[in-house]
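**Q** Dropping a structure here in structure tokens format, bear with me for questions.
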Amino acid sequence: MQRFQASRLDDRTKCSSSVLMAHDPIDTLGKATRHNMLVKAECSCGNVRYCRSADLMMVYGGGVDPLKLKFDCSRCKPQITITLLEVHPEHLPKRLMIHKPMKIGGKIHWTTERFRG
């Protein structure tokens, strides 16, 4: 039986249930969807929008880099900061509104719905 020591772990590996796992960077919407992640777009004026990576993938495609998506702010038109958030089933947010894109007639329409995990 092989044992793993915590001193042998570096910043690219994590120990989960005594198994070493290496994680590749999440650089596409497809990879973010596999990890059930949210995409957070935040403006410098404080305007924040959350989107499910799966919803964005259905509109923009699975090979798109989520950090290069174009979001705009209806308040001030600044540069938007995009962050990927991993959602753990035991730590689900209570009141979070998700913005969902839908492509209708070649145009993207945004709707809001309550986050259910």
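Starting from 1 in every chain, residues are counted up; chains themselves are A, B, ... following the order of the structure tokens, and ligands are numbered from 1 as listed.
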I'd like the contact shell of Leu96 in chain A - 8 Å cut-off, only C-alpha atoms, skipping same-chain residues fewer than 2 positions apart - returned as number ranges by chain.
**A** A: 93-94, 98, 114-115
**Q** Please produce a file of those selected residues containing N, CA and C atoms, as a JSON list (two decimals), in the first residue's frame.
**A**
```json
[["chain", "number", "residue", "atom", "x", "y", "z"],
["A", 93, "PRO", "N", -25.25, 29.29, -2.45],
["A", 93, "PRO", "CA", -25.75, 30.60, -2.05],
["A", 93, "PRO", "C", -27.28, 30.59, -1.98],
["A", 94, "LYS", "N", -27.83, 31.33, -1.02],
["A", 94, "LYS", "CA", -29.28, 31.33, -0.80],
["A", 94, "LYS", "C", -30.02, 32.18, -1.83],
["A", 98, "ILE", "N", -29.23, 34.53, -11.36],
["A", 98, "ILE", "CA", -28.40, 34.12, -12.48],
["A", 98, "ILE", "C", -28.94, 34.76, -13.75],
["A", 114, "ARG", "N", -33.59, 32.49, -10.55],
["A", 114, "ARG", "CA", -32.98, 32.27, -9.24],
["A", 114, "ARG", "C", -32.05, 31.06, -9.31],
["A", 115, "PHE", "N", -30.90, 31.16, -8.65],
["A", 115, "PHE", "CA", -29.91, 30.07, -8.65],
["A", 115, "PHE", "C", -30.42, 28.92, -7.79]]
```
**Q** I'd like the neighbourhood of Cys43 in chain A as a PDB file with C-alpha atoms, in the first residue's frame, where a residue qualifies if any of its atoms comes within 9 Å (using only C-alpha atoms), though same-chain residues fewer than 3 positions away should be ignored.
**A**
```
ATOM      1  CA  GLY A  46     -20.210  47.665  -8.232  1.00  0.00           C
ATOM      2  CA  ASN A  47     -22.570  46.136 -10.791  1.00  0.00           C
ATOM      3  CA  VAL A  48     -22.226  42.310 -10.638  1.00  0.00           C
ATOM      4  CA  ARG A  49     -23.697  39.630 -12.896  1.00  0.00           C
ATOM      5  CA  ASP A  72     -20.893  45.540 -20.703  1.00  0.00           C
ATOM      6  CA  CYS A  73     -22.284  47.581 -17.835  1.00  0.00           C
ATOM      7  CA  CYS A  76     -20.987  53.253 -16.700  1.00  0.00           C
ATOM      8  CA  LYS A  77     -19.370  51.273 -19.600  1.00  0.00           C
ATOM      9  CA  PRO A  78     -16.008  50.481 -17.920  1.00  0.00           C
ATOM     10  CA  GLN A  79     -13.728  47.487 -18.228  1.00  0.00           C
ATOM     11  CA  ILE A  80     -15.324  44.381 -16.736  1.00  0.00           C
ATOM     12  CA  THR A  81     -13.474  41.905 -14.475  1.00  0.00           C
ATOM     13  CA  ILE A  82     -14.448  38.262 -15.055  1.00  0.00           C
TER      14      ILE A  82
END
```
**Q** Rounded to one decimal place, report the CA of Ser44 in chain A-CA of Lys70 in chain A distance in Å.
**A**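 Those two atoms sit 15.1 Å apart.
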**Q** Per DSSP on the backbone, what are the strand (DSSP E) residues of range 10-117 of chain A, as number ranges by chain?
**A** A: 13-16, 19-22, 37-42, 48-52, 81-86, 97-104, 107-114
**Q** Can I get the selected residues back with N, CA and C atoms, as a compact mmCIF listing (two decimals), in the first residue's frame?
**A**
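In the end it all went to selection36.txt:
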```txt
# COMPACT_ATOMS: atom_id res chain seq x y z
N THR A 13 -0.99 20.35 -7.26
CA THR A 13 -1.70 19.12 -6.92
C THR A 13 -2.45 19.31 -5.61
N LYS A 14 -3.54 18.57 -5.47
CA LYS A 14 -4.33 18.62 -4.25
C LYS A 14 -4.58 17.20 -3.78
N CYS A 15 -4.67 17.04 -2.49
CA CYS A 15 -4.93 15.72 -1.93
C CYS A 15 -6.41 15.61 -1.61
N SER A 16 -7.06 14.64 -2.19
CA SER A 16 -8.48 14.41 -1.95
C SER A 16 -8.68 12.92 -1.72
N VAL A 19 -5.73 10.59 -2.52
CA VAL A 19 -5.35 10.40 -3.91
C VAL A 19 -4.82 11.74 -4.44
N LEU A 20 -3.65 11.72 -5.08
CA LEU A 20 -3.11 12.94 -5.66
C LEU A 20 -3.77 13.20 -7.00
N MET A 21 -4.18 14.45 -7.21
CA MET A 21 -4.84 14.81 -8.46
C MET A 21 -4.19 16.08 -9.00
N ALA A 22 -3.88 16.09 -10.27
CA ALA A 22 -3.35 17.29 -10.92
C ALA A 22 -4.48 17.93 -11.71
N MET A 37 -19.21 25.45 -12.76
CA MET A 37 -18.76 26.75 -12.29
C MET A 37 -19.70 27.87 -12.72
N LEU A 38 -19.63 28.96 -11.97
CA LEU A 38 -20.33 30.18 -12.31
C LEU A 38 -19.33 31.17 -12.88
N VAL A 39 -19.77 32.02 -13.77
CA VAL A 39 -18.94 33.10 -14.31
C VAL A 39 -19.46 34.39 -13.69
N LYS A 40 -18.56 35.10 -13.02
CA LYS A 40 -18.92 36.36 -12.36
C LYS A 40 -18.32 37.51 -13.15
N ALA A 41 -19.17 38.42 -13.62
CA ALA A 41 -18.71 39.62 -14.33
C ALA A 41 -18.97 40.80 -13.40
N GLU A 42 -17.90 41.51 -13.04
CA GLU A 42 -18.00 42.58 -12.06
C GLU A 42 -17.43 43.88 -12.63
N VAL A 48 -22.71 43.69 -10.56
CA VAL A 48 -22.23 42.31 -10.64
C VAL A 48 -23.27 41.46 -11.34
N ARG A 49 -22.81 40.56 -12.20
CA ARG A 49 -23.70 39.63 -12.90
C ARG A 49 -23.09 38.23 -12.80
N TYR A 50 -23.92 37.25 -12.44
CA TYR A 50 -23.50 35.85 -12.37
C TYR A 50 -24.19 35.08 -13.48
N CYS A 51 -23.44 34.19 -14.14
CA CYS A 51 -23.99 33.34 -15.20
C CYS A 51 -23.47 31.92 -15.00
N ARG A 52 -24.30 30.94 -15.29
CA ARG A 52 -23.83 29.55 -15.29
C ARG A 52 -22.96 29.34 -16.52
N THR A 81 -14.32 42.96 -15.01
CA THR A 81 -13.47 41.91 -14.47
C THR A 81 -14.29 40.62 -14.43
N ILE A 82 -13.74 39.54 -15.01
CA ILE A 82 -14.45 38.26 -15.05
C ILE A 82 -13.72 37.26 -14.16
N THR A 83 -14.49 36.55 -13.33
CA THR A 83 -13.95 35.58 -12.39
C THR A 83 -14.74 34.28 -12.52
N LEU A 84 -14.06 33.14 -12.42
CA LEU A 84 -14.74 31.84 -12.38
C LEU A 84 -14.90 31.42 -10.93
N LEU A 85 -16.10 31.00 -10.56
CA LEU A 85 -16.39 30.58 -9.19
C LEU A 85 -16.84 29.13 -9.20
N GLU A 86 -16.24 28.33 -8.33
CA GLU A 86 -16.64 26.93 -8.20
C GLU A 86 -17.70 26.85 -7.11
N MET A 97 -29.16 35.67 -8.08
CA MET A 97 -29.85 35.74 -9.37
C MET A 97 -28.85 35.43 -10.48
N ILE A 98 -29.23 34.53 -11.36
CA ILE A 98 -28.40 34.12 -12.48
C ILE A 98 -28.94 34.76 -13.75
N HIS A 99 -28.05 35.32 -14.55
CA HIS A 99 -28.42 35.88 -15.84
C HIS A 99 -28.17 34.82 -16.90
N LYS A 100 -29.20 34.48 -17.66
CA LYS A 100 -29.12 33.38 -18.62
C LYS A 100 -29.25 33.92 -20.04
N PRO A 101 -28.23 33.68 -20.89
CA PRO A 101 -28.34 34.12 -22.28
C PRO A 101 -29.09 33.09 -23.12
N MET A 102 -29.89 33.59 -24.07
CA MET A 102 -30.57 32.72 -25.02
C MET A 102 -30.46 33.36 -26.39
N LYS A 103 -30.15 32.55 -27.39
CA LYS A 103 -30.04 33.05 -28.75
C LYS A 103 -31.38 32.85 -29.45
N ILE A 104 -32.01 33.97 -29.80
CA ILE A 104 -33.31 33.93 -30.47
C ILE A 104 -33.21 34.79 -31.72
N LYS A 107 -30.01 36.89 -32.31
CA LYS A 107 -29.65 37.87 -31.28
C LYS A 107 -29.62 37.19 -29.92
N ILE A 108 -28.81 37.71 -29.02
CA ILE A 108 -28.72 37.16 -27.67
C ILE A 108 -29.61 37.97 -26.74
N HIS A 109 -30.56 37.28 -26.10
CA HIS A 109 -31.46 37.90 -25.13
C HIS A 109 -31.11 37.35 -23.75
N TRP A 110 -31.11 38.22 -22.74
CA TRP A 110 -30.75 37.83 -21.38
C TRP A 110 -32.00 37.78 -20.52
N THR A 111 -32.15 36.70 -19.75
CA THR A 111 -33.22 36.56 -18.77
C THR A 111 -32.59 36.30 -17.42
N THR A 112 -33.34 36.52 -16.36
CA THR A 112 -32.83 36.24 -15.01
C THR A 112 -33.66 35.13 -14.38
N GLU A 113 -32.99 34.34 -13.56
CA GLU A 113 -33.67 33.29 -12.81
C GLU A 113 -32.93 33.10 -11.49
N ARG A 114 -33.59 32.49 -10.55
CA ARG A 114 -32.98 32.27 -9.24
C ARG A 114 -32.05 31.06 -9.31
```
**Q** Interatomic distance between CA of Gly105 in chain A and CA of Leu67 in chain A?
**A**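 Going from CA of Gly105 in chain A over to CA of Leu67 in chain A covers 25.9 Å.
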**Q** Rounded to one decimal in Å, what is the spacing between CA of Lys68 in chain A and CA of Leu29 in chain A?
**A** 10.6 Å
**Q** Contacts of Ile26 in chain A at 10 Å or less, counting only C-alpha atoms, minus same-chain residues fewer than 5 places along, as a ChimeraX atom specification?
**A** /A:31-35,65-67,84
**Q** Under the rule that only C-alpha atoms are counted, which of A:Arg116, A:Asn36, A:Ser74, A:Met58 is the nearest residue to Arg95 in chain A?
**A**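 That would be A:Arg116, the residue with the smallest distance to Arg95 in chain A.
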